[in-house]
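Working notes, beginning with the structure itself.
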Amino acid sequence: MYDPTRLAALVAVSEAGSITRAAERLGYTPPALSQQVAKLEREAGTALLVRHPRGARLTAAGELLVTRARRVLDELELARHELARVAGLAGGSLRLGTFQTAGIHLLPPVLSAFRRAHPDVELAVANHEPPAGIAAVAAGEVDLALTHTYAPAEPVPLPASVAAEPLLVEELVLVTAPGHALADGSSRLPLGALAGQPLISMAPDHPPRQGVEAALARAGAAPSVLVETPGYALVCALVSAGLGVAVVPEMVARTSATPLGTRLLDPGELRRTISVVHRNDGPTPTADAFRALLRGAFGRAVRQS
């Protein structure tokens, strides 16, 4: 019988496209995740991954096993969810913190599923732009908070009382006005090609984006408009109007209300990780059930992207 932890490791690599990104998502070191995959390959008796300079891809056997593994993992999450209900998860409340992108595009279906399963739990949702959600969980203002970090960036220190579970890792992509020359092409665009381009930029003092802004500055992108609040809808609208180009998370580009051209960047090292923050001392069945739903929903978001 295959170990579910190793199956989850293989699924994460297939979704992230590399051992390194999958390890970040699961909270492993890359060598530790490689060991999990190697053990699974020994159990399967065949190679499941082919490593290459930019990451890893599944073999035919790997594709087959990942398809089955997703069903197994979904069933295990469902069982955990149903057991929580049998255990009497009823009544009480759940207070959630979120930031705008996740609150609009990822959280609603999870809340809907949770409401169907636990109609007696009172739900409250508050806006906490990162990293404010971390402090809100530590202070007991919310039970769970969705937050994000960017790479490259200085790591955000976590209070000893809380932990962060990565849910989704996505690349940052170039967005342009429709028909822009830089969006014309299927290959990755070297970051240096942004030299001299007018950039719709987050303000330099916006902590989550400082590392990304510094990388763009080193590539020679010239700030054209500074957006002083973390509002990607405004950034995309300005880009769509032809005021400059921008580098935004892939989900933001995909769900933009205004028409955009998009292109992957080379190297694909500019990333955003979305995590759920929770307290370490005595997790509640309500919070645990919601985190289980988050894992499934965010995993589907990755597979559909």
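In the structure tokens, chains take the letters A, B, ... in the order shown, each chain's residues start at 1, and ligands count up from 1 in the order shown.
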
Secondary structure check, strand (DSSP E or B) residues of stretch 31-151 of chain A, as JSON, numbers by chain: {"A": [49, 50, 51, 52, 55, 56, 57, 58, 93, 94, 95, 96, 97, 98, 122, 123, 124, 125, 126, 127, 144, 145, 146, 147, 148, 149, 150, 151]}

Distance query stretch 6-10 of chain A at most 12 Å, only C-alpha atoms, self and fewer than 3 positions along chain excluded, as a PyMOL selection string: chain A and resi 1-3+13-30+32-44+47-49+56-59+61-74+76-77+295-296+299

Tell me which protein, DNA and RNA residues are within 9 Å of A:Pro159, counting only C-alpha atoms, leaving out same-chain ones fewer than 3 positions away, and put them as number ranges by chain. A: 134-135, 138, 162-163

Neighbour list for stretch 236-251 of chain A as a ChimeraX atom specification, cut-off 6 Å, only C-alpha atoms, skip fewer than 4 positions in-chain: /A:171-177,198-200,258,260

Let me see the file: selected residues, N, CA and C atoms, as an mmCIF file, in the first residue's frame.
data_model
loop_
_atom_site.group_PDB
_atom_site.id
_atom_site.type_symbol
_atom_site.label_atom_id
_atom_site.label_comp_id
_atom_site.auth_asym_id
_atom_site.auth_seq_id
_atom_site.Cartn_x
_atom_site.Cartn_y
_atom_site.Cartn_z
ATOM 1 N N GLU A 171 3.677 31.530 -9.830
ATOM 2 C CA GLU A 171 4.669 32.439 -10.404
ATOM 3 C C GLU A 171 4.076 33.830 -10.567
ATOM 4 N N LEU A 172 4.962 34.815 -10.599
ATOM 5 C CA LEU A 172 4.571 36.155 -11.021
ATOM 6 C C LEU A 172 4.809 36.245 -12.522
ATOM 7 N N VAL A 173 3.879 36.878 -13.231
ATOM 8 C CA VAL A 173 3.955 36.953 -14.688
ATOM 9 C C VAL A 173 3.894 38.410 -15.125
ATOM 10 N N LEU A 174 4.357 38.650 -16.333
ATOM 11 C CA LEU A 174 4.273 39.987 -16.913
ATOM 12 C C LEU A 174 2.865 40.198 -17.456
ATOM 13 N N VAL A 175 2.281 41.370 -17.166
ATOM 14 C CA VAL A 175 1.015 41.750 -17.783
ATOM 15 C C VAL A 175 1.225 43.057 -18.541
ATOM 16 N N THR A 176 0.590 43.152 -19.688
ATOM 17 C CA THR A 176 0.718 44.319 -20.569
ATOM 18 C C THR A 176 -0.660 44.681 -21.112
ATOM 19 N N ALA A 177 -0.726 45.807 -21.785
ATOM 20 C CA ALA A 177 -1.938 46.134 -22.538
ATOM 21 C C ALA A 177 -2.091 45.114 -23.669
ATOM 22 N N PRO A 198 8.236 51.201 -18.925
ATOM 23 C CA PRO A 198 7.519 51.901 -17.848
ATOM 24 C C PRO A 198 6.767 50.886 -16.995
ATOM 25 N N LEU A 199 6.995 50.910 -15.691
ATOM 26 C CA LEU A 199 6.487 49.886 -14.788
ATOM 27 C C LEU A 199 5.415 50.460 -13.870
ATOM 28 N N ILE A 200 4.245 49.812 -13.854
ATOM 29 C CA ILE A 200 3.238 50.103 -12.834
ATOM 30 C C ILE A 200 3.695 49.342 -11.596
ATOM 31 N N THR A 258 -10.086 43.455 -16.434
ATOM 32 C CA THR A 258 -9.735 44.239 -17.615
ATOM 33 C C THR A 258 -8.867 43.398 -18.543
ATOM 34 N N LEU A 260 -5.913 41.949 -20.714
ATOM 35 C CA LEU A 260 -4.464 42.042 -20.554
ATOM 36 C C LEU A 260 -3.766 41.089 -21.508
#

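Counting only C-alpha atoms, the residue from A:Pro131, A:Gly185, A:Gly261, A:Pro155 that sits nearest to A:Gly211 is A:Pro155.
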
In stretch 31-164 of chain A, what's helix (DSSP H, G or I) per DSSP? Answer as a count of residues only? 65

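The spacing separating atom CA of A:Asp281 from atom CA of A:Leu146 amounts to 18.4 Å.
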
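Nearest to A:Leu264 of all the residues A:Leu182, A:Ser201, A:Pro285, A:Gln210 is A:Leu182, counting only C-alpha atoms.
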
Of A:Ile104, A:Leu167, A:Ala139, A:Ala60, the one sitting nearest A:Ala233 when using only C-alpha atoms is A:Ile104

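Nearest-residue note for A:His128: choosing from A:Val277, A:Pro178, A:Pro31, A:Ala183, the minimum distance belongs to A:Val277, counting only C-alpha atoms.
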
Do a neighbour search on stretch 218-222 of chain A at 6 Å with only C-alpha atoms, toss out local chain neighbours closer than 5 positions, and write the hits as a list in words. Gly192, Leu194, Ala195, Gly196, Gln197, Pro198 and Leu199 of chain A

With only C-alpha atoms counted and 12 Å as the cut-off, give the residues of stretch 269-300 of chain A in contact with stretch 116-127 of chain A, each with its shortest interatomic distance in Å and the pair that gives it, as a tab-separated table.
residue	atom	partner	partner_atom	distance
A:Pro285	CA	A:Val121	CA	11.4
A:Thr286	CA	A:Val121	CA	8.2
A:Ala287	CA	A:Val121	CA	10.9
A:Ala289	CA	A:His118	CA	9.7
A:Phe290	CA	A:His118	CA	10.1
A:Leu293	CA	A:Ala117	CA	10.7

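Going from atom CA of A:Asp266 over to atom CA of A:Pro190, you cover 4.6 Å.
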